[in-house]
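Written out below as structure tokens is the structure these notes cover.
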Amino acid sequence: MCSMRAAYALTEGSLHKQPSTRANEPAVTSGSLIDRRIKSWMAKRHVPGLAACILKGSKVLWCNGYGMANIAKRVPFSPDQTLFQIASVTKTITATAIMNLRDKGLLRLDDDVNKFLRFSVRNPSYPDRQITFRSLLKHTSSIIDNEAIYSLCAAGDPALSLEEMVTQYFTPNGLLWSRKNYSKDAPGANERYSNAGFSLLGYLVEVISEQPLQEHLLQNVFSPLKMYETSLYISQLHREKHARPYTYVEKTDRRLSPGYGDGNLLPVGSLTRVGYNEHVLYSCPTLADSMVRTSVTQLANFIIAIMNGGRFEETQVLKEPTVNEMLTQKLGWLKTGDYWGHDGSDPGCSTEVWFSPKTKVGLIVFANTDIELTWVKAFLLAKAEEKMPRS
């Protein structure tokens, strides 16, 4: 695992020997070739902070942090210490919870989810077609994301519970219900990415396990995998360790996060300015689709487990055939080329997680701005496959 000394080694200069920078601009420090390439990319694209790791087998082969988790307080972004909202990578953890309940015999993937709910979830255009766990995991349920769901995002932890949000979204006459919550496709027919569908899966975890989602994940995923500073809620974590999300603006007339509520998630009374705009620490009541908060090295334990047939150290969080089933059937996971994984983005937040079960190589990248991480992902995977370059 990455030591704190290694995590801070390349950021100490930015704290004590800061080069000349514009106001509201994070400092850049020197280091090895791989570090210089990443820092150069960050500077060109106005990325305030980033942390990453490369996995090999059952170990973290390399990790490091760059730039700032908190620009105002000059807090470096660290793979060990910085906590961060992992956005849609959360879906892989929700899928793990569902598969764990399936392995315990508490559900079948082709069960109608209405079997477990006190309200009925049906596409109004196909009232006789069942929506199943499998279709939710594969994004083929015909449930889609109405813009109203994003208006619920606001500063701090959600005021609305997951149960309340799901009930209002899926119950006819609910405050969030609309025919626009469903596509014109029949359930099971076509793939269409759905945050709302994974929110429903999270609520089903609560109903079936008879536990709040946070408690269930703590007992069945986070604690077994030694993810001791991981939570769905800001209030359950050390606030000062949480990376601040930023959006870089070149013109002040730009909207920071269209479609999101609460004044574009800026602090109350703040106006958009040229440079780095700090968002509040915010949440959405959808929880199970995007709200897990953790560090790079803690999430590494989860990815190591999935990459190694469900096993991390002496802990088996999922059966090996179950992990194989999840990957081959795309149950909560995506595939690009030879790699399985997931990405995520929210205002001031970007994440990438990819791995190969065959070569046992993987990576994790967090950045505290909403930006395409394709180059970083490709660069680090190339370095991983060549077993890392010399500095």
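Ligands are numbered from 1 in the order shown, residues from 1 within each chain, and chains are lettered A, B, ... in the order they appear in the structure tokens.
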Please identify all polymer residues within 9 Å of A:His342, counting only C-alpha atoms, omitting same-chain residues fewer than 5 positions from it, and present them as an NGL selection string.
:A and (88-92 or 332-335 or 351-354)
Selection from above, N, CA and C atoms, as a PDB file, in the first residue's frame, can you write it?
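File written: result-v4.pdb
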ATOM      1  N   SER A  88     -19.956   7.815 -10.355  1.00  0.00           N
ATOM      2  CA  SER A  88     -20.633   6.601 -10.832  1.00  0.00           C
ATOM      3  C   SER A  88     -19.861   5.309 -10.606  1.00  0.00           C
ATOM      4  N   VAL A  89     -18.598   5.390 -10.197  1.00  0.00           N
ATOM      5  CA  VAL A  89     -17.891   4.172  -9.790  1.00  0.00           C
ATOM      6  C   VAL A  89     -18.630   3.523  -8.616  1.00  0.00           C
ATOM      7  N   THR A  90     -19.421   4.327  -7.894  1.00  0.00           N
ATOM      8  CA  THR A  90     -20.288   3.817  -6.818  1.00  0.00           C
ATOM      9  C   THR A  90     -21.151   2.656  -7.298  1.00  0.00           C
ATOM     10  N   LYS A  91     -21.568   2.685  -8.558  1.00  0.00           N
ATOM     11  CA  LYS A  91     -22.467   1.654  -9.074  1.00  0.00           C
ATOM     12  C   LYS A  91     -21.864   0.252  -8.969  1.00  0.00           C
ATOM     13  N   THR A  92     -20.545   0.157  -9.074  1.00  0.00           N
ATOM     14  CA  THR A  92     -19.913  -1.162  -8.968  1.00  0.00           C
ATOM     15  C   THR A  92     -20.035  -1.713  -7.547  1.00  0.00           C
ATOM     16  N   GLY A 332     -23.309  -4.241 -13.702  1.00  0.00           N
ATOM     17  CA  GLY A 332     -22.746  -3.151 -12.928  1.00  0.00           C
ATOM     18  C   GLY A 332     -21.374  -2.712 -13.382  1.00  0.00           C
ATOM     19  N   TRP A 333     -20.784  -3.427 -14.320  1.00  0.00           N
ATOM     20  CA  TRP A 333     -19.447  -3.097 -14.826  1.00  0.00           C
ATOM     21  C   TRP A 333     -19.515  -2.779 -16.318  1.00  0.00           C
ATOM     22  N   LEU A 334     -18.564  -1.984 -16.785  1.00  0.00           N
ATOM     23  CA  LEU A 334     -18.442  -1.648 -18.196  1.00  0.00           C
ATOM     24  C   LEU A 334     -17.169  -2.281 -18.742  1.00  0.00           C
ATOM     25  N   LYS A 335     -17.070  -2.389 -20.062  1.00  0.00           N
ATOM     26  CA  LYS A 335     -15.874  -2.949 -20.679  1.00  0.00           C
ATOM     27  C   LYS A 335     -15.409  -2.052 -21.812  1.00  0.00           C
ATOM     28  N   THR A 351     -13.637  10.417 -12.106  1.00  0.00           N
ATOM     29  CA  THR A 351     -13.002   9.196 -11.611  1.00  0.00           C
ATOM     30  C   THR A 351     -12.902   8.156 -12.716  1.00  0.00           C
ATOM     31  N   GLU A 352     -11.861   7.338 -12.643  1.00  0.00           N
ATOM     32  CA  GLU A 352     -11.671   6.218 -13.567  1.00  0.00           C
ATOM     33  C   GLU A 352     -11.141   5.024 -12.785  1.00  0.00           C
ATOM     34  N   VAL A 353     -11.715   3.847 -13.047  1.00  0.00           N
ATOM     35  CA  VAL A 353     -11.259   2.587 -12.456  1.00  0.00           C
ATOM     36  C   VAL A 353     -11.297   1.528 -13.545  1.00  0.00           C
ATOM     37  N   TRP A 354     -10.141   0.927 -13.875  1.00  0.00           N
ATOM     38  CA  TRP A 354     -10.085  -0.092 -14.927  1.00  0.00           C
ATOM     39  C   TRP A 354      -9.087  -1.177 -14.548  1.00  0.00           C
TER      40      TRP A 354
END
Please identify all polymer residues within 6 Å of stretch 75-87 of chain A, counting only C-alpha atoms, omitting same-chain residues fewer than 6 positions from it, and present them as a PyMOL selection string.
chain A and resi 7+49+51+64-69+241-243+290-297+344-345+351
Convert the current residue selection to file output with N, CA and C atoms, as an mmCIF file, in the first residue's frame.
data_model
loop_
_atom_site.group_PDB
_atom_site.id
_atom_site.type_symbol
_atom_site.label_atom_id
_atom_site.label_comp_id
_atom_site.auth_asym_id
_atom_site.auth_seq_id
_atom_site.Cartn_x
_atom_site.Cartn_y
_atom_site.Cartn_z
ATOM 1 N N ALA A 7 3.229 9.336 -0.683
ATOM 2 C CA ALA A 7 2.118 10.131 -1.194
ATOM 3 C C ALA A 7 2.434 11.621 -1.185
ATOM 4 N N GLY A 49 -6.258 19.129 -8.726
ATOM 5 C CA GLY A 49 -5.668 18.042 -7.957
ATOM 6 C C GLY A 49 -6.000 16.685 -8.544
ATOM 7 N N ALA A 51 -5.107 12.216 -7.844
ATOM 8 C CA ALA A 51 -4.403 11.104 -7.206
ATOM 9 C C ALA A 51 -4.664 9.851 -8.019
ATOM 10 N N ASN A 64 0.489 7.949 -6.304
ATOM 11 C CA ASN A 64 0.974 9.287 -6.017
ATOM 12 C C ASN A 64 -0.161 10.293 -6.104
ATOM 13 N N GLY A 65 0.078 11.457 -5.535
ATOM 14 C CA GLY A 65 -0.879 12.542 -5.584
ATOM 15 C C GLY A 65 -0.219 13.786 -6.151
ATOM 16 N N TYR A 66 -1.027 14.647 -6.784
ATOM 17 C CA TYR A 66 -0.517 15.843 -7.457
ATOM 18 C C TYR A 66 -1.468 17.007 -7.208
ATOM 19 N N GLY A 67 -0.899 18.208 -7.102
ATOM 20 C CA GLY A 67 -1.735 19.378 -6.977
ATOM 21 C C GLY A 67 -2.462 19.443 -5.650
ATOM 22 N N MET A 68 -3.595 20.118 -5.655
ATOM 23 C CA MET A 68 -4.276 20.480 -4.428
ATOM 24 C C MET A 68 -5.663 19.844 -4.272
ATOM 25 N N ALA A 69 -5.895 19.299 -3.085
ATOM 26 C CA ALA A 69 -7.241 18.866 -2.712
ATOM 27 C C ALA A 69 -8.063 20.056 -2.236
ATOM 28 N N LYS A 241 -10.431 16.272 5.358
ATOM 29 C CA LYS A 241 -9.746 15.349 4.453
ATOM 30 C C LYS A 241 -10.421 15.274 3.083
ATOM 31 N N HIS A 242 -11.629 15.817 2.984
ATOM 32 C CA HIS A 242 -12.400 15.707 1.751
ATOM 33 C C HIS A 242 -11.912 16.718 0.725
ATOM 34 N N ALA A 243 -11.557 16.229 -0.474
ATOM 35 C CA ALA A 243 -11.154 17.128 -1.555
ATOM 36 C C ALA A 243 -12.297 18.053 -1.922
ATOM 37 N N SER A 290 -23.911 7.204 -7.049
ATOM 38 C CA SER A 290 -22.742 8.073 -7.196
ATOM 39 C C SER A 290 -22.160 8.663 -5.911
ATOM 40 N N MET A 291 -22.603 8.274 -4.739
ATOM 41 C CA MET A 291 -22.252 9.038 -3.543
ATOM 42 C C MET A 291 -21.237 8.381 -2.608
ATOM 43 N N VAL A 292 -20.620 7.273 -2.975
ATOM 44 C CA VAL A 292 -19.564 6.717 -2.119
ATOM 45 C C VAL A 292 -18.376 7.678 -2.105
ATOM 46 N N ARG A 293 -17.810 7.884 -0.911
ATOM 47 C CA ARG A 293 -16.647 8.758 -0.715
ATOM 48 C C ARG A 293 -15.548 7.936 -0.058
ATOM 49 N N THR A 294 -14.355 7.963 -0.646
ATOM 50 C CA THR A 294 -13.262 7.145 -0.135
ATOM 51 C C THR A 294 -11.946 7.715 -0.667
ATOM 52 N N SER A 295 -10.846 7.056 -0.394
ATOM 53 C CA SER A 295 -9.544 7.452 -0.936
ATOM 54 C C SER A 295 -9.133 6.486 -2.040
ATOM 55 N N VAL A 296 -8.132 6.866 -2.809
ATOM 56 C CA VAL A 296 -7.615 6.004 -3.876
ATOM 57 C C VAL A 296 -7.145 4.675 -3.311
ATOM 58 N N THR A 297 -6.369 4.705 -2.232
ATOM 59 C CA THR A 297 -5.801 3.454 -1.720
ATOM 60 C C THR A 297 -6.833 2.572 -1.034
ATOM 61 N N GLY A 344 -16.666 7.885 -13.802
ATOM 62 C CA GLY A 344 -17.678 8.694 -13.155
ATOM 63 C C GLY A 344 -17.379 10.167 -13.292
ATOM 64 N N SER A 345 -18.420 10.983 -13.330
ATOM 65 C CA SER A 345 -18.234 12.433 -13.351
ATOM 66 C C SER A 345 -19.448 13.117 -12.732
ATOM 67 N N THR A 351 -13.637 10.417 -12.106
ATOM 68 C CA THR A 351 -13.002 9.196 -11.611
ATOM 69 C C THR A 351 -12.902 8.156 -12.716
#
Those in stretch 249-385 of chain A with strand (DSSP E) from DSSP, as a PyMOL selection string
chain A and resi 249+275-278+282-283+293-294+311-312+315-316+334-336+339-346+349-356+361-367
Residues near stretch 196-208 of chain A, cut-off 9 Å, only C-alpha atoms, skip fewer than 4 positions along chain, as a PyMOL selection string:
chain A and resi 91+94-95+97-98+101+106-107+113+116-117+133+136-137+139+141-146+149+162-163+165-166+169-170+181+212-214+216+285-290+332
Go ahead and dump the residues you just picked, C-alpha atoms, as an mmCIF file, in the first residue's frame.
data_model
loop_
_atom_site.group_PDB
_atom_site.id
_atom_site.type_symbol
_atom_site.label_atom_id
_atom_site.label_comp_id
_atom_site.auth_asym_id
_atom_site.auth_seq_id
_atom_site.Cartn_x
_atom_site.Cartn_y
_atom_site.Cartn_z
ATOM 1 C CA LYS A 91 -22.467 1.654 -9.074
ATOM 2 C CA THR A 94 -24.014 -1.220 -5.310
ATOM 3 C CA ALA A 95 -23.866 -4.093 -7.822
ATOM 4 C CA ALA A 97 -24.158 -5.593 -2.647
ATOM 5 C CA ILE A 98 -26.925 -6.950 -4.906
ATOM 6 C CA LEU A 101 -27.658 -10.778 -1.466
ATOM 7 C CA LEU A 106 -32.418 -13.578 -0.856
ATOM 8 C CA LEU A 107 -33.177 -12.745 -4.484
ATOM 9 C CA VAL A 113 -38.410 -6.147 -8.341
ATOM 10 C CA PHE A 116 -39.913 -6.721 -2.849
ATOM 11 C CA LEU A 117 -41.530 -3.275 -3.072
ATOM 12 C CA PHE A 133 -32.603 -7.013 -10.996
ATOM 13 C CA LEU A 136 -31.379 -2.800 -13.671
ATOM 14 C CA LEU A 137 -27.777 -4.004 -13.382
ATOM 15 C CA HIS A 139 -29.057 -0.696 -17.740
ATOM 16 C CA SER A 141 -34.715 -1.673 -17.427
ATOM 17 C CA SER A 142 -36.181 1.163 -19.588
ATOM 18 C CA ILE A 143 -35.862 3.476 -16.546
ATOM 19 C CA ILE A 144 -34.157 6.723 -17.531
ATOM 20 C CA ASP A 145 -33.029 9.889 -15.773
ATOM 21 C CA ASN A 146 -35.481 12.769 -15.645
ATOM 22 C CA ILE A 149 -33.577 14.020 -10.229
ATOM 23 C CA LEU A 162 -33.084 7.207 -0.455
ATOM 24 C CA GLU A 163 -36.469 5.642 0.293
ATOM 25 C CA MET A 165 -36.475 9.807 -3.307
ATOM 26 C CA VAL A 166 -37.167 6.415 -4.896
ATOM 27 C CA TYR A 169 -39.684 8.939 -8.521
ATOM 28 C CA PHE A 170 -41.438 5.627 -9.134
ATOM 29 C CA ASN A 181 -38.866 8.573 -16.183
ATOM 30 C CA PRO A 212 -29.877 1.279 5.626
ATOM 31 C CA LEU A 213 -27.647 1.108 2.554
ATOM 32 C CA GLN A 214 -24.722 2.703 4.414
ATOM 33 C CA HIS A 216 -25.161 -2.773 4.774
ATOM 34 C CA PRO A 285 -30.315 11.589 -2.361
ATOM 35 C CA THR A 286 -29.842 9.048 -5.154
ATOM 36 C CA LEU A 287 -26.887 7.700 -3.052
ATOM 37 C CA ALA A 288 -26.430 4.275 -4.669
ATOM 38 C CA ASP A 289 -25.552 5.672 -8.097
ATOM 39 C CA SER A 290 -22.742 8.073 -7.196
ATOM 40 C CA GLY A 332 -22.746 -3.151 -12.928
#
